[in-house]
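The block underneath contains the structure these notes are about, expressed in structure tokens.
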Amino acid sequence: MNIPDSPEVLIRAAAESITGRLTGEKGPIAALRSIVHMVDNDEAELAVDDLVRVIKCYRIRILRREHDQIAAAAAQLDALDSLTEVRVDRFIGE
């Protein structure tokens, strides 16, 4: 069972929010759906890593709220190095 603000809930929320804004862009949409599948298969730590790499690869602008969700999930999973390596904060848009 996923509790509110669990890493799984946070990652799913961020990935689905980003997906909703990228309607029609097949490449990133498929990659983001794959991340949701990872969460569904109890692979939240891998999902965080993949999510930041997808953001970097496709140069996706993210909202502050999405960044905060990803960062909170990464902190809970002790995976903040993924965010700092990619410097995902540089993709925060207005």
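To be explicit about the labels: the chains of the structure tokens are called A, B, and onward in the order shown, and within each one the residues are counted from 1, while ligands get numbers from 1 in the order they are shown.
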**Message:** From a backbone DSSP assignment, name each residue in chain A labelled helix (DSSP H, G or I), as a count of residues only.
**Reply:** 69
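Considering the residues A:Leu83, A:Val39, A:Val88, A:Leu51 and counting only C-alpha atoms, Ile18 (chain A) has its shortest atom-to-atom contact with A:Leu51.
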Excluding region 61-63 of chain A and its own-chain neighbours fewer than 2 positions away, which residues fall within 8 Å of it when counting only C-alpha atoms? Please give them as a short mmCIF file (atom, residue, chain, number, x, y, z; two decimals) with N, CA and C atoms, in the first residue's frame.
data_model
loop_
_atom_site.label_atom_id
_atom_site.label_comp_id
_atom_site.auth_asym_id
_atom_site.auth_seq_id
_atom_site.Cartn_x
_atom_site.Cartn_y
_atom_site.Cartn_z
N ILE A 18 4.38 15.51 -15.60
CA ILE A 18 5.22 15.84 -16.75
C ILE A 18 4.60 15.26 -18.02
N ILE A 55 14.60 13.43 -18.00
CA ILE A 55 14.50 14.89 -18.00
C ILE A 55 15.72 15.49 -18.70
N ARG A 59 15.68 17.09 -22.28
CA ARG A 59 15.73 18.49 -21.87
C ARG A 59 14.34 19.02 -21.53
N ARG A 65 7.17 22.27 -8.42
CA ARG A 65 6.46 21.24 -7.66
C ARG A 65 6.96 19.85 -8.06
N GLU A 66 7.15 19.62 -9.36
CA GLU A 66 7.65 18.32 -9.83
C GLU A 66 9.06 18.07 -9.32
N HIS A 67 9.89 19.09 -9.37
CA HIS A 67 11.25 18.97 -8.85
C HIS A 67 11.22 18.61 -7.37
N PHE A 91 16.68 22.36 -14.94
CA PHE A 91 15.55 22.19 -15.87
C PHE A 91 14.23 22.76 -15.32
N ILE A 92 14.32 23.37 -14.15
CA ILE A 92 13.11 23.98 -13.57
C ILE A 92 12.74 25.20 -14.40
N GLY A 93 11.53 25.20 -14.89
CA GLY A 93 11.01 26.32 -15.68
C GLY A 93 9.92 27.04 -14.91
N GLU A 94 9.48 28.11 -15.46
CA GLU A 94 8.40 28.89 -14.82
C GLU A 94 7.05 28.41 -15.26
#
**Request:** Measuring atom to atom with only C-alpha atoms, identify which of A:Leu32, A:Ala71, A:Val54, A:Val86 is nearest to Asp5 (chain A).
**Result:** A:Ala71
**Item:** For CA of Ala14 (chain A) and CA of Gln69 (chain A), the interatomic separation in Å (one decimal)
**Value:**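 Separating CA of Ala14 (chain A) from CA of Gln69 (chain A) is a distance of 6.3 Å.
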**Request:** Between CA of Arg33 (chain A) and CA of Asp68 (chain A), measure the distance and give it in Å to one decimal.
**Result:**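 Going from CA of Arg33 (chain A) over to CA of Asp68 (chain A), I get 19.8 Å.
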**Prompt:** To one decimal place, how far is CA of Ala79 (chain A) from CA of Glu25 (chain A) in Å?
**Reply:**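 Between these atoms lies a distance of 28.0 Å.
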**Asked** Leaving out Val36 (chain A) and any residue of its chain fewer than 2 positions from it, which residues lie within 8 Å of it when counting only C-alpha atoms, given as a PyMOL selection string?
**Response** chain A and resi 11-12+15-16+32-34+38-40+47
**Asked** Which residue out of A:Ala73, A:Ile60, A:Pro7, A:Thr84 has the minimum interatomic distance to Arg21 (chain A) when only C-alpha atoms are used?
**Response**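 Ranking A:Ala73, A:Ile60, A:Pro7, A:Thr84 by distance to Arg21 (chain A), first place goes to A:Ile60.
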